[in-house]
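Visitor: my_file_2.cif is reproduced in full below (mmCIF, C-alpha atoms and all ligand atoms).
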data_run
#
loop_
_atom_site.label_atom_id
_atom_site.label_comp_id
_atom_site.auth_asym_id
_atom_site.auth_seq_id
_atom_site.Cartn_x
_atom_site.Cartn_y
_atom_site.Cartn_z
CA GLY A 1 144.37 50.58 106.44
CA ILE A 2 146.88 47.86 107.23
CA GLU A 3 146.48 46.04 110.50
CA LEU A 4 150.15 46.53 111.26
CA GLY A 5 149.71 45.68 114.92
CA LYS A 6 148.42 42.21 114.11
CA LEU A 7 151.20 41.64 111.56
CA LEU A 8 153.88 42.65 114.03
CA ALA A 9 152.45 40.88 117.06
CA ASN A 10 154.84 38.20 118.27
CA THR A 11 157.62 39.31 115.91
CA GLY A 12 159.38 41.27 118.67
CA TYR A 13 158.76 44.57 116.82
CA THR A 14 156.65 47.34 118.34
CA THR A 15 155.38 50.49 116.59
CA LEU A 16 155.91 53.77 118.43
CA ASP A 17 153.47 56.57 117.56
CA GLY A 18 153.41 59.19 120.31
CA GLY A 19 150.05 60.91 120.53
CA PHE A 20 148.63 58.29 118.10
CA VAL A 21 149.23 60.72 115.25
CA ASN A 22 148.89 58.01 112.62
CA THR A 23 147.64 54.99 114.50
CA ALA A 24 144.03 53.82 114.17
CA SER A 25 142.86 52.27 117.43
CA THR A 26 139.74 50.79 115.89
CA LYS A 27 137.50 50.47 112.86
CA SER A 28 134.36 52.56 113.23
CA ALA A 29 131.19 53.24 111.22
CA ILE A 30 129.97 56.23 113.24
CA THR A 31 131.71 59.44 112.18
CA TYR A 32 133.70 60.35 109.09
CA ILE A 33 136.24 63.17 109.10
CA ASP A 34 138.33 64.35 106.17
CA GLY A 35 140.76 66.76 107.79
CA ALA A 36 142.20 68.04 104.53
CA GLU A 37 138.81 68.84 103.02
CA GLY A 38 137.13 69.98 106.23
CA ILE A 39 134.42 67.31 106.06
CA LEU A 40 132.50 65.96 109.06
CA ARG A 41 129.64 63.48 108.75
CA TYR A 42 127.70 61.54 111.38
CA ARG A 43 126.60 58.15 109.98
CA GLY A 44 127.06 59.64 106.49
CA TYR A 45 125.01 62.81 107.06
CA PRO A 46 126.93 66.10 106.60
CA ILE A 47 127.23 68.15 109.79
CA GLU A 48 125.94 71.23 107.95
CA GLN A 49 122.61 69.51 107.16
CA LEU A 50 122.22 68.08 110.64
CA ALA A 51 123.00 71.45 112.27
CA GLU A 52 120.40 73.18 110.12
CA LYS A 53 117.62 70.61 110.03
CA SER A 54 117.91 68.11 112.85
CA SER A 55 117.62 68.24 116.65
CA PHE A 56 120.06 67.09 119.30
CA ILE A 57 117.79 64.23 120.38
CA GLU A 58 117.39 63.06 116.78
CA VAL A 59 121.18 63.25 116.26
CA SER A 60 121.67 61.27 119.47
CA TYR A 61 119.37 58.58 118.10
CA LEU A 62 121.23 58.62 114.77
CA LEU A 63 124.64 58.23 116.41
CA ILE A 64 123.54 55.48 118.79
CA TYR A 65 121.22 53.44 116.54
CA GLY A 66 122.88 54.20 113.20
CA GLU A 67 119.79 55.50 111.37
CA LEU A 68 117.58 58.58 111.51
CA PRO A 69 114.43 57.69 113.49
CA THR A 70 110.87 57.53 112.16
CA THR A 71 108.37 59.82 113.96
CA GLU A 72 107.28 56.86 116.06
CA GLN A 73 110.84 55.93 117.01
CA LEU A 74 111.76 59.52 117.83
CA ASP A 75 108.65 59.98 120.01
CA ALA A 76 109.35 56.75 121.89
CA PHE A 77 113.01 57.70 122.41
CA THR A 78 112.12 61.22 123.59
CA ASP A 79 109.43 59.89 125.93
CA ARG A 80 111.78 57.37 127.45
CA ILE A 81 114.41 60.03 128.09
CA ARG A 82 111.77 62.26 129.71
CA ARG A 83 110.81 59.52 132.14
CA HIS A 84 114.37 59.24 133.47
CA THR A 85 115.39 62.84 134.11
CA LEU A 86 115.02 62.72 137.90
CA LEU A 87 118.00 61.96 140.10
CA HIS A 88 117.69 59.68 143.08
CA GLU A 89 117.04 61.92 146.12
CA ASP A 90 120.15 60.59 147.89
CA LEU A 91 122.24 61.42 144.84
CA LYS A 92 120.99 65.01 145.12
CA ARG A 93 122.66 65.23 148.52
CA PHE A 94 125.92 64.07 146.96
CA PHE A 95 126.36 67.61 145.61
CA ASP A 96 126.39 69.02 149.17
CA GLY A 97 129.74 67.37 149.81
CA PHE A 98 131.58 69.53 147.28
CA PRO A 99 132.96 72.98 148.05
CA ARG A 100 130.89 75.73 146.51
CA ASN A 101 133.82 77.02 144.47
CA ALA A 102 134.54 73.60 142.92
CA HIS A 103 134.93 73.44 139.15
CA PRO A 104 131.74 71.77 137.85
CA MET A 105 133.63 69.20 135.72
CA PRO A 106 134.86 67.00 138.62
CA VAL A 107 131.45 67.42 140.27
CA VAL A 108 129.73 66.22 137.09
CA SER A 109 132.12 63.34 136.42
CA SER A 110 131.83 62.19 140.05
CA ALA A 111 128.04 62.27 139.91
CA VAL A 112 128.06 60.34 136.62
CA ASN A 113 130.38 57.76 138.12
CA ALA A 114 128.08 57.57 141.15
CA LEU A 115 125.24 56.50 138.82
CA SER A 116 126.98 53.09 138.85
CA ALA A 117 126.24 52.91 142.57
CA TYR A 118 122.62 54.13 142.32
CA TYR A 119 121.48 52.24 139.24
CA GLN A 120 122.95 48.78 139.68
CA ASP A 121 120.19 47.22 137.60
CA SER A 122 121.71 48.51 134.35
CA LEU A 123 125.43 47.81 134.69
CA ASP A 124 125.90 44.62 132.68
CA PRO A 125 127.78 45.59 129.48
CA ASP A 126 126.77 42.34 127.82
CA ASP A 127 123.01 42.70 128.34
CA PRO A 128 121.57 44.85 125.51
CA GLU A 129 118.48 45.80 127.54
CA GLN A 130 120.60 47.02 130.43
CA VAL A 131 122.89 48.92 128.07
CA GLU A 132 119.85 50.60 126.53
CA LEU A 133 118.51 51.52 129.96
CA SER A 134 121.83 53.00 131.09
CA THR A 135 122.02 54.87 127.75
CA ILE A 136 118.59 56.44 128.38
CA ARG A 137 119.49 57.16 131.98
CA LEU A 138 122.67 58.97 130.99
CA LEU A 139 121.02 61.08 128.29
CA ALA A 140 118.19 61.93 130.68
CA LYS A 141 120.20 62.60 133.82
CA LEU A 142 123.28 64.42 132.54
CA PRO A 143 121.39 67.74 132.02
CA THR A 144 119.98 67.42 135.56
CA ILE A 145 123.45 66.68 136.97
CA ALA A 146 124.97 69.57 134.99
CA ALA A 147 122.28 72.01 136.16
CA TYR A 148 122.68 70.87 139.80
CA ALA A 149 126.45 71.39 139.59
CA TYR A 150 125.71 74.94 138.43
CA LYS A 151 123.06 75.60 141.10
CA LYS A 152 125.43 74.32 143.75
CA SER A 153 128.17 76.72 142.55
CA VAL A 154 125.88 79.76 142.76
CA GLY A 155 124.20 78.69 146.00
CA GLN A 156 120.71 78.46 144.53
CA PRO A 157 118.05 75.79 145.11
CA PHE A 158 117.86 72.80 142.76
CA LEU A 159 114.88 72.59 140.43
CA TYR A 160 113.27 69.28 139.58
CA PRO A 161 113.09 68.59 135.84
CA ASP A 162 109.94 69.75 134.05
CA ASN A 163 109.26 66.97 131.59
CA SER A 164 106.70 68.93 129.63
CA LYS A 165 109.61 70.88 128.19
CA SER A 166 112.07 69.92 125.47
CA TYR A 167 115.51 68.53 126.34
CA VAL A 168 117.29 71.87 125.98
CA GLU A 169 114.49 74.00 127.47
CA ASN A 170 114.36 71.75 130.50
CA PHE A 171 118.11 72.06 130.98
CA LEU A 172 117.99 75.86 130.66
CA ARG A 173 115.13 76.05 133.15
CA MET A 174 116.91 73.82 135.69
CA THR A 175 120.01 75.99 135.26
CA PHE A 176 118.60 79.51 135.20
CA GLY A 177 115.10 79.11 136.67
CA PHE A 178 113.85 79.40 140.25
CA PRO A 179 111.36 77.14 142.05
CA ALA A 180 107.75 78.29 141.78
CA GLU A 181 108.65 80.90 139.18
CA PRO A 182 107.69 80.44 135.54
CA TYR A 183 110.65 80.18 133.20
CA GLU A 184 110.32 80.68 129.48
CA ALA A 185 113.48 80.21 127.49
CA ASP A 186 113.98 82.38 124.41
CA PRO A 187 113.23 80.04 121.45
CA GLU A 188 116.22 81.39 119.49
CA LEU A 189 118.48 80.62 122.42
CA VAL A 190 117.04 77.11 122.71
CA LYS A 191 117.62 76.54 119.00
CA ALA A 192 121.18 77.87 119.18
CA LEU A 193 122.11 75.68 122.14
CA ASP A 194 120.51 72.65 120.49
CA MET A 195 122.62 73.33 117.39
CA LEU A 196 125.81 73.68 119.44
CA LEU A 197 125.10 70.33 121.10
CA ILE A 198 124.68 68.78 117.63
CA LEU A 199 128.05 70.19 116.53
CA HIS A 200 129.74 68.60 119.54
CA ALA A 201 127.87 65.29 119.44
CA ASP A 202 130.70 63.19 118.01
CA HIS A 203 134.19 63.53 116.63
CA GLU A 204 135.43 59.96 116.15
CA GLN A 205 138.51 58.88 118.14
CA ASN A 206 139.29 62.14 119.99
CA CYS A 207 140.94 62.05 123.41
CA SER A 208 137.77 61.68 125.51
CA THR A 209 136.11 59.17 123.18
CA SER A 210 139.28 57.07 123.10
CA THR A 211 139.25 57.24 126.90
CA VAL A 212 135.64 56.02 127.03
CA ARG A 213 136.59 53.14 124.73
CA LEU A 214 139.71 52.27 126.70
CA VAL A 215 137.93 52.27 130.06
CA GLY A 216 135.03 50.33 128.53
CA SER A 217 137.36 47.80 126.92
CA SER A 218 137.94 46.25 130.35
CA ASP A 219 134.16 45.59 130.47
CA ALA A 220 133.73 48.47 132.93
CA ASN A 221 130.11 49.65 132.93
CA LEU A 222 128.82 52.49 130.73
CA PHE A 223 128.41 55.07 133.54
CA THR A 224 131.96 54.62 134.75
CA SER A 225 133.38 54.69 131.20
CA ILE A 226 131.54 57.95 130.44
CA SER A 227 132.81 59.44 133.69
CA GLY A 228 136.35 58.72 132.45
CA GLY A 229 135.54 60.52 129.20
CA ILE A 230 134.29 63.59 131.09
CA ASN A 231 137.61 63.75 132.95
CA ALA A 232 139.59 63.54 129.71
CA LEU A 233 137.42 66.29 128.23
CA TRP A 234 138.24 68.67 131.07
CA GLY A 235 141.81 69.35 129.87
CA PRO A 236 142.46 72.72 128.19
CA LEU A 237 143.90 71.02 125.10
CA HIS A 238 140.57 69.28 124.53
CA GLY A 239 137.14 70.34 125.86
CA GLY A 240 138.57 72.84 128.31
CA ALA A 241 139.64 74.95 125.33
CA ASN A 242 136.30 76.79 125.20
CA GLN A 243 136.91 78.12 128.71
CA ALA A 244 140.57 78.83 127.89
CA VAL A 245 139.57 80.86 124.80
CA LEU A 246 137.48 83.24 126.85
CA GLU A 247 140.19 83.56 129.48
CA MET A 248 142.59 84.43 126.67
CA LEU A 249 140.20 87.09 125.31
CA TYR A 250 139.82 88.61 128.79
CA ARG A 251 143.58 88.61 129.15
CA ILE A 252 144.06 90.43 125.84
CA GLN A 253 141.33 92.89 126.82
CA GLY A 254 142.99 93.44 130.21
CA GLU A 255 146.33 94.08 128.53
CA GLY A 256 144.90 96.83 126.35
CA GLY A 257 143.20 94.82 123.58
CA ASP A 258 146.17 94.56 121.20
CA SER A 259 145.52 91.33 119.24
CA ALA A 260 148.55 91.74 116.96
CA ASP A 261 150.88 92.05 119.94
CA PHE A 262 149.38 88.92 121.50
CA LEU A 263 149.92 86.98 118.26
CA ASN A 264 153.55 88.07 118.17
CA ARG A 265 154.00 86.65 121.63
CA VAL A 266 152.38 83.39 120.47
CA LYS A 267 154.80 83.27 117.53
CA ASN A 268 157.75 83.88 119.83
CA LYS A 269 156.53 80.88 121.83
CA GLU A 270 156.45 82.91 125.02
CA ALA A 271 155.79 80.59 127.95
CA GLY A 272 152.06 80.32 128.70
CA VAL A 273 151.01 82.18 125.54
CA LYS A 274 149.12 79.99 123.10
CA LEU A 275 146.38 80.85 120.68
CA MET A 276 143.59 78.90 122.31
CA GLY A 277 140.77 77.81 120.00
CA PHE A 278 143.19 77.50 117.08
CA GLY A 279 144.66 74.35 115.62
CA HIS A 280 143.40 70.81 115.45
CA ARG A 281 145.05 67.42 115.25
CA VAL A 282 142.90 66.35 112.32
CA TYR A 283 141.60 69.48 110.57
CA LYS A 284 144.43 71.03 108.65
CA ASN A 285 142.26 73.15 106.38
CA TYR A 286 139.36 74.40 108.44
CA ASP A 287 137.06 73.02 111.09
CA PRO A 288 133.60 72.72 109.45
CA ARG A 289 131.99 73.15 112.88
CA ALA A 290 133.81 76.45 113.32
CA ALA A 291 132.45 77.62 109.97
CA ILE A 292 128.87 76.89 111.13
CA VAL A 293 129.28 78.55 114.54
CA ARG A 294 131.05 81.55 113.03
CA LYS A 295 128.01 82.21 110.85
CA THR A 296 125.62 82.13 113.79
CA ALA A 297 127.87 83.76 116.40
CA HIS A 298 127.24 87.27 115.13
CA SER A 299 123.46 87.01 114.97
CA ILE A 300 123.18 85.32 118.37
CA LEU A 301 125.49 87.81 120.04
CA GLU A 302 123.60 90.68 118.49
CA LYS A 303 120.27 89.26 119.56
CA LEU A 304 121.47 88.66 123.12
CA GLY A 305 122.88 92.16 123.25
CA SER A 306 126.41 91.00 123.82
CA GLY A 307 128.17 91.97 120.61
CA ASP A 308 130.91 93.47 122.68
CA GLU A 309 134.60 94.17 122.84
CA LEU A 310 135.52 90.51 123.35
CA LEU A 311 133.93 89.58 120.04
CA ASP A 312 135.83 92.39 118.36
CA ILE A 313 139.09 91.08 119.85
CA ALA A 314 138.25 87.56 118.69
CA MET A 315 137.49 88.73 115.15
CA LYS A 316 140.67 90.76 115.01
CA LEU A 317 142.73 87.79 116.26
CA GLU A 318 141.19 85.59 113.61
CA GLU A 319 141.75 88.10 110.82
CA VAL A 320 145.39 88.73 111.71
CA ALA A 321 146.20 85.04 112.29
CA LEU A 322 144.60 83.90 109.02
CA ASN A 323 146.84 86.32 107.12
CA ASP A 324 150.04 85.54 108.97
CA ASP A 325 152.53 83.07 107.46
CA TYR A 326 153.35 81.54 110.86
CA PHE A 327 149.78 80.35 111.35
CA VAL A 328 149.15 79.60 107.68
CA GLU A 329 152.29 77.42 107.37
CA ARG A 330 151.33 75.46 110.46
CA LYS A 331 147.77 75.12 109.16
CA LEU A 332 146.37 76.72 112.28
CA TYR A 333 142.72 77.66 111.80
CA PRO A 334 140.01 78.43 114.33
CA ASN A 335 138.42 75.31 115.76
CA VAL A 336 134.82 75.05 117.00
CA ASP A 337 135.78 76.28 120.44
CA PHE A 338 137.07 79.61 119.23
CA TYR A 339 133.47 80.87 119.00
CA THR A 340 131.40 78.75 121.35
CA GLY A 341 132.64 80.38 124.56
CA LEU A 342 131.46 83.80 123.41
CA ILE A 343 128.02 82.41 122.66
CA TYR A 344 127.75 80.50 125.95
CA ARG A 345 128.80 83.63 127.81
CA ALA A 346 126.13 85.68 126.04
CA MET A 347 123.58 83.02 127.03
CA GLY A 348 124.49 83.63 130.67
CA PHE A 349 126.71 80.63 131.42
CA PRO A 350 129.80 81.28 133.53
CA GLU A 351 133.10 80.19 131.93
CA ARG A 352 133.35 77.15 134.19
CA MET A 353 130.19 75.68 132.69
CA PHE A 354 131.45 75.80 129.10
CA THR A 355 133.19 72.43 129.21
CA VAL A 356 130.15 70.92 130.91
CA LEU A 357 128.10 72.03 127.90
CA PHE A 358 130.63 70.28 125.67
CA ALA A 359 130.14 67.10 127.74
CA LEU A 360 126.35 67.35 127.32
CA GLY A 361 126.86 67.51 123.57
CA ARG A 362 129.50 64.76 123.34
CA LEU A 363 127.52 62.26 125.44
CA PRO A 364 125.68 60.48 122.56
CA GLY A 365 128.98 60.12 120.67
CA TRP A 366 130.68 58.53 123.67
CA ILE A 367 127.75 56.16 124.12
CA ALA A 368 127.69 55.23 120.42
CA HIS A 369 131.42 54.41 120.49
CA TRP A 370 131.16 52.41 123.70
CA GLN A 371 128.30 50.39 122.20
CA GLU A 372 130.08 49.89 118.87
CA MET A 373 133.11 48.58 120.73
CA HIS A 374 131.01 46.15 122.78
CA GLN A 375 129.20 44.90 119.69
CA ASP A 376 132.49 44.06 117.97
CA PRO A 377 132.90 40.27 118.10
CA ASN A 378 136.68 40.69 117.84
CA GLY A 379 136.83 43.34 120.57
CA LYS A 380 139.83 43.18 122.86
CA ILE A 381 140.89 44.98 126.01
CA GLY A 382 142.88 48.11 125.10
CA ARG A 383 146.46 47.52 126.12
CA PRO A 384 149.15 49.52 124.31
CA ARG A 385 152.78 48.46 124.33
CA GLN A 386 155.76 50.68 125.16
CA ILE A 387 159.40 51.20 124.27
CA TYR A 388 161.25 50.81 127.55
CA THR A 389 163.93 53.50 128.11
CA GLY A 390 164.85 52.87 131.76
CA TYR A 391 167.81 51.07 133.36
CA THR A 392 168.85 47.61 132.38
CA GLU A 393 169.07 45.18 135.30
CA ARG A 394 170.57 46.55 138.55
CA ALA A 395 171.36 44.72 141.79
CA TYR A 396 169.47 45.83 144.90
CA GLU A 397 171.68 47.78 147.30
CA GLY A 398 170.97 47.81 151.06
CA ILE A 399 170.18 51.33 152.41
CA ASP A 400 173.52 51.63 154.25
CA GLY A 401 175.47 51.08 151.03
CA ARG A 402 173.69 53.89 149.06
CA SER A 403 175.32 57.27 148.62
N1 LIG B 501 148.81 78.26 119.11
C1 LIG B 501 150.06 78.46 118.68
N2 LIG B 501 150.78 77.52 118.06
C2 LIG B 501 150.19 76.32 117.86
C3 LIG B 501 148.89 76.06 118.26
C4 LIG B 501 148.18 77.09 118.91
N3 LIG B 501 146.91 76.91 119.31
N4 LIG B 501 148.56 74.79 117.93
C5 LIG B 501 149.62 74.28 117.32
N5 LIG B 501 150.62 75.21 117.26
C6 LIG B 501 151.93 75.06 116.63
C7 LIG B 501 152.85 74.22 117.46
O1 LIG B 501 153.61 75.03 118.35
C8 LIG B 501 153.70 73.59 116.40
O2 LIG B 501 154.65 74.56 115.95
P1 LIG B 501 156.18 74.11 115.63
O3 LIG B 501 156.07 73.19 114.45
O4 LIG B 501 156.88 75.39 115.39
O5 LIG B 501 156.65 73.42 116.88
C9 LIG B 501 152.74 73.35 115.24
O6 LIG B 501 151.72 74.35 115.40
C10 LIG B 501 152.11 71.96 115.21
O7 LIG B 501 151.42 71.77 116.44
P2 LIG B 501 151.28 70.39 117.21
O8 LIG B 501 151.41 70.66 118.67
O9 LIG B 501 152.13 69.33 116.59
O10 LIG B 501 149.77 70.03 116.88
P3 LIG B 501 148.90 68.90 117.60
O11 LIG B 501 148.12 68.23 116.53
O12 LIG B 501 149.72 68.04 118.51
O13 LIG B 501 147.94 69.77 118.56
C11 LIG B 501 146.07 70.87 119.46
C12 LIG B 501 146.60 69.97 118.33
C13 LIG B 501 146.30 70.20 120.82
C14 LIG B 501 144.57 71.06 119.26
C15 LIG B 501 146.80 72.23 119.39
O14 LIG B 501 146.57 72.84 118.15
C16 LIG B 501 146.41 73.19 120.52
O15 LIG B 501 146.98 73.09 121.62
N6 LIG B 501 145.43 74.10 120.28
C17 LIG B 501 144.95 75.00 121.31
C18 LIG B 501 143.97 74.29 122.20
C19 LIG B 501 142.64 74.06 121.54
O16 LIG B 501 142.06 74.95 120.96
N7 LIG B 501 142.12 72.82 121.68
C20 LIG B 501 140.83 72.46 121.15
C21 LIG B 501 140.96 71.37 120.15
S1 LIG B 501 139.42 71.12 119.34
C22 LIG B 501 138.42 70.33 120.44
O17 LIG B 501 138.79 69.68 121.38
C23 LIG B 501 136.99 70.55 120.17
#
Can you give me the file's structure in the form of structure tokens?
Ligand code: ACO
Guide:
Amino acid sequence: GIELGKLLANTGYTTLDGGFVNTASTKSAITYIDGAEGILRYRGYPIEQLAEKSSFIEVSYLLIYGELPTTEQLDAFTDRIRRHTLLHEDLKRFFDGFPRNAHPMPVVSSAVNALSAYYQDSLDPDDPEQVELSTIRLLAKLPTIAAYAYKKSVGQPFLYPDNSKSYVENFLRMTFGFPAEPYEADPELVKALDMLLILHADHEQNCSTSTVRLVGSSDANLFTSISGGINALWGPLHGGANQAVLEMLYRIQGEGGDSADFLNRVKNKEAGVKLMGFGHRVYKNYDPRAAIVRKTAHSILEKLGSGDELLDIAMKLEEVALNDDYFVERKLYPNVDFYTGLIYRAMGFPERMFTVLFALGRLPGWIAHWQEMHQDPNGKIGRPRQIYTGYTERAYEGIDGRS
């Protein structure tokens, strides 16, 4: 690509690209996407192979360190994460201050931001050891924070992490378990959730990752930058789409289950009627993550005994939309979030937790991008320009002279 910005700097010309549709904000060696071909690779490895063969912790290592780990490296990484899963006891009380009916996303992003106050020994963005420690802390503590946000919302006691369990098992136990009661997660469910986290682990310069980079570009610490990313992810056009998809399916079900009628209303651009879980800024062919989830959605839903009416509505929507010129012309295909909500629901998560699960998955990607940005010797603070459209100069009028 041409570094147009550099060429134009100081010439008086400014490029305007609303929504950054064609503007690269950075060079990056982490994730490759070919939107036309439906290709997604982390550090060169195809998403299909990682989803089938790898684990979320291994993918986290790959994204952050750039290479797949040896057994020794993976064991050391896993062990380190295990040793940091506890939250400071005072931070536990932080959750008490939120109303019980709060959406978990602001609770989670606030708690992540609060890590900057509790772990002041790992805030220096220029000290590699501190960055590594805050990286481990984030990976270790986000599942605990997410589970506590859930427990708070259902009025149940918090469970301390059980570090004899795997990353995903531990999270499921803290979420669905009860103190002093054994909790055994279904291995198929653990595997499915681990795979979904892998699929969400990175997606180059999406809205939340760009936010993490922009916040971090001011040399703000890693915790605070990630908290910014969690907030950006909450929006229904980004990570909040998985919750919005399920709400849409409920709505269609409530209105009699007529998918074709709903699609007509989408085509007529009726206010508030959008086909959530369809369309993507970059994928204009298909979303390779959606193809992977689609394959597993049926078997998981069957296994969990939730192959219900909502799935039928979703399948019908997909079938009709994929054969309708309106959606075909606009290159609108299901994205990863079209299916994930149904799976999360079958696993027992309430809709409000769906976007939190996305955040758990995206965390290593955010961290990898934040680190890549800090390691760039030519890194600069992010500071876009604008095209001013307001008044030219006006003289101040005293209040008595205004009409
Ligand atoms: N439903 C109906 N029409 C749509 C949709 C949709 N989901 N998405 C795009 N379109 C239409 C637009 O109305 C527009 O039509 P027009 O040319 O007649 O005006 C055309 O398709 C192009 O759409 P844009 O808005 O230019 O596409 P953009 O790249 O800006 O938007 C986005 C991408 C935000 C993902 C959009 O497709 C959308 O809102 N989808 C629904 C929300 C969603 O599922 N988000 C998850 C994204 S994936 C992720 O975060 C993991």
Visitor: Go through the chains and note each residue within 8 Å of ligand LIG 501 (chain B), using only C-alpha atoms and all ligand atoms, then give the set as a compact mmCIF listing (two decimals) with C-alpha atoms, in the frame of the given file.
Guide:
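Saved the output as result-v1.txt:
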# COMPACT_ATOMS: atom_id res chain seq x y z
CA GLY A 19 150.05 60.91 120.53
CA VAL A 21 149.23 60.72 115.25
CA HIS A 200 129.74 68.60 119.54
CA ASN A 206 139.29 62.14 119.99
CA LEU A 233 137.42 66.29 128.23
CA PRO A 236 142.46 72.72 128.19
CA LEU A 237 143.90 71.02 125.10
CA HIS A 238 140.57 69.28 124.53
CA GLY A 239 137.14 70.34 125.86
CA GLY A 240 138.57 72.84 128.31
CA ALA A 241 139.64 74.95 125.33
CA ASN A 242 136.30 76.79 125.20
CA VAL A 245 139.57 80.86 124.80
CA VAL A 266 152.38 83.39 120.47
CA LYS A 267 154.80 83.27 117.53
CA LYS A 269 156.53 80.88 121.83
CA VAL A 273 151.01 82.18 125.54
CA LYS A 274 149.12 79.99 123.10
CA LEU A 275 146.38 80.85 120.68
CA MET A 276 143.59 78.90 122.31
CA GLY A 277 140.77 77.81 120.00
CA PHE A 278 143.19 77.50 117.08
CA GLY A 279 144.66 74.35 115.62
CA HIS A 280 143.40 70.81 115.45
CA ARG A 281 145.05 67.42 115.25
CA VAL A 282 142.90 66.35 112.32
CA PHE A 327 149.78 80.35 111.35
CA ARG A 330 151.33 75.46 110.46
CA LYS A 331 147.77 75.12 109.16
CA LEU A 332 146.37 76.72 112.28
CA PRO A 334 140.01 78.43 114.33
CA ASN A 335 138.42 75.31 115.76
CA VAL A 336 134.82 75.05 117.00
CA ASP A 337 135.78 76.28 120.44
CA PHE A 338 137.07 79.61 119.23
Visitor: How close does each residue of range 42-121 of chain A get to range 128-144 of chain A, giving the shortest atom pair and distance in Å to one decimal for every residue with an atom at most 8 Å away, counting all atoms listed in the file, sorted by chain and residue number, as a Markdown table?
Guide:
| residue | atom | partner | partner_atom | distance |
| --- | --- | --- | --- | --- |
| A:Arg80 | CA | A:Ile136 | CA | 6.9 |
| A:Ile81 | CA | A:Ala140 | CA | 5.0 |
| A:Arg82 | CA | A:Ala140 | CA | 6.5 |
| A:Arg83 | CA | A:Ala140 | CA | 7.9 |
| A:His84 | CA | A:Ala140 | CA | 5.4 |
| A:Thr85 | CA | A:Ala140 | CA | 4.5 |
| A:Leu86 | CA | A:Lys141 | CA | 6.6 |
| A:Leu87 | CA | A:Lys141 | CA | 6.7 |
| A:Val112 | CA | A:Leu142 | CA | 7.5 |
| A:Asp121 | CA | A:Gln130 | CA | 7.2 |
Visitor: For Leu16 in chain A, which of A:Ala291, A:Leu246, A:Leu4, A:Leu193 is the closest residue, counting all atoms listed in the file?
Guide: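 Nearest to Leu16 in chain A: A:Leu4.
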Visitor: Could you check the closest approach to Leu40 in chain A for each of A:Pro288, A:Pro161, A:Pro125, A:Pro69 and tell me which residue wins, using all atoms listed in the file?
Guide: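 Ranked by minimum distance to Leu40 in chain A, first place goes to A:Pro288.
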Visitor: Could you tell me which of A:Leu342, A:Cys207, A:Arg213, A:Glu302 comes closest to Glu247 in chain A if we count all atoms listed in the file?
Guide: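 Of A:Leu342, A:Cys207, A:Arg213, A:Glu302, the one nearest Glu247 in chain A, counting all atoms listed in the file, is A:Leu342.
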Visitor: Which polymer residues have any atom within 12 Å of an atom of Pro99 in chain A, counting all atoms listed in the file, with same-chain residues fewer than 5 positions away left out, as a list in words?
Guide: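 Residues near the query, excluding close chain neighbours: Phe94, Pro104, Pro106, Val107, Ala149, Lys152, Ser153, Val154 and Gly155 of chain A.
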Visitor: Using CA of Tyr45 in chain A and CA of Ile57 in chain A as the two end points, give the distance in Å to one decimal.
Guide: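 That distance, rounded to one decimal, is 15.2 Å.
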Visitor: One decimal, Å: what's the distance from CA of Ala146 in chain A over to CA of Met248 in chain A, could you say?
Guide: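 Pair CA of Ala146 in chain A / CA of Met248 in chain A returns 24.5 Å.
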Visitor: Applying 7 Å and all atoms listed in the file, which residues near range 306-316 of chain A remain after dropping the ones on its own chain fewer than 5 positions away? List them as a list in words.
Guide: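 That gives Leu249, Gly257, Ser259, Leu301 and Ala346 of chain A.
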Visitor: So what do you get for CA of Phe262 in chain A versus CA of Tyr250 in chain A, distance-wise?
Guide: 12.0 Å
Visitor: Quick one: axis-aligned box around all listed atoms of range 262-278 of chain A, 4 Å on every side, centre and edge lengths in Å to one decimal, written as lines of an AutoDock Vina configuration file.
Guide:
center_x = 149.3
center_y = 83.2
center_z = 122.9
size_x = 25.0
size_y = 19.4
size_z = 19.6
Visitor: Would you mind listing what lies within 8 Å of Ala368 in chain A as a list of chain:residue names, with only C-alpha atoms counted and same-chain residues fewer than 6 positions away left out?
Guide: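 Here the answer would be A:Ile30, A:Leu63, A:Ile64, A:Tyr65.
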Visitor: In file coordinates, which residues lie within 12 Å of (159.2, 53.1, 126.8) using all atoms listed in the file, given as a list in words?
Guide: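 These residues have at least one counted atom within 12 Å: Thr14, Thr15, Leu16, Asp17, Gly18, Pro384, Arg385, Gln386, Ile387, Tyr388, Thr389, Gly390 and Tyr391 of chain A.
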Visitor: I want to know what sits within 12 Å of Glu48 in chain A, based on only C-alpha atoms, with residues of the same chain fewer than 6 positions away left out; could you give that as number ranges by chain?
Guide: A: 38-42, 54, 195-196, 198-199, 287-293, 295
Visitor: I need the residues from that last selection saved to file as a tab-separated table (two decimals), in the coordinates of the input (with C-alpha atoms), if you can.
Guide:
chain	number	residue	atom	x	y	z
A	38	GLY	CA	137.13	69.98	106.23
A	39	ILE	CA	134.42	67.31	106.06
A	40	LEU	CA	132.50	65.96	109.06
A	41	ARG	CA	129.64	63.48	108.75
A	42	TYR	CA	127.70	61.54	111.38
A	54	SER	CA	117.91	68.11	112.85
A	195	MET	CA	122.62	73.33	117.39
A	196	LEU	CA	125.81	73.68	119.44
A	198	ILE	CA	124.68	68.78	117.63
A	199	LEU	CA	128.05	70.19	116.53
A	287	ASP	CA	137.06	73.02	111.09
A	288	PRO	CA	133.60	72.72	109.45
A	289	ARG	CA	131.99	73.15	112.88
A	290	ALA	CA	133.81	76.45	113.32
A	291	ALA	CA	132.45	77.62	109.97
A	292	ILE	CA	128.87	76.89	111.13
A	293	VAL	CA	129.28	78.55	114.54
A	295	LYS	CA	128.01	82.21	110.85
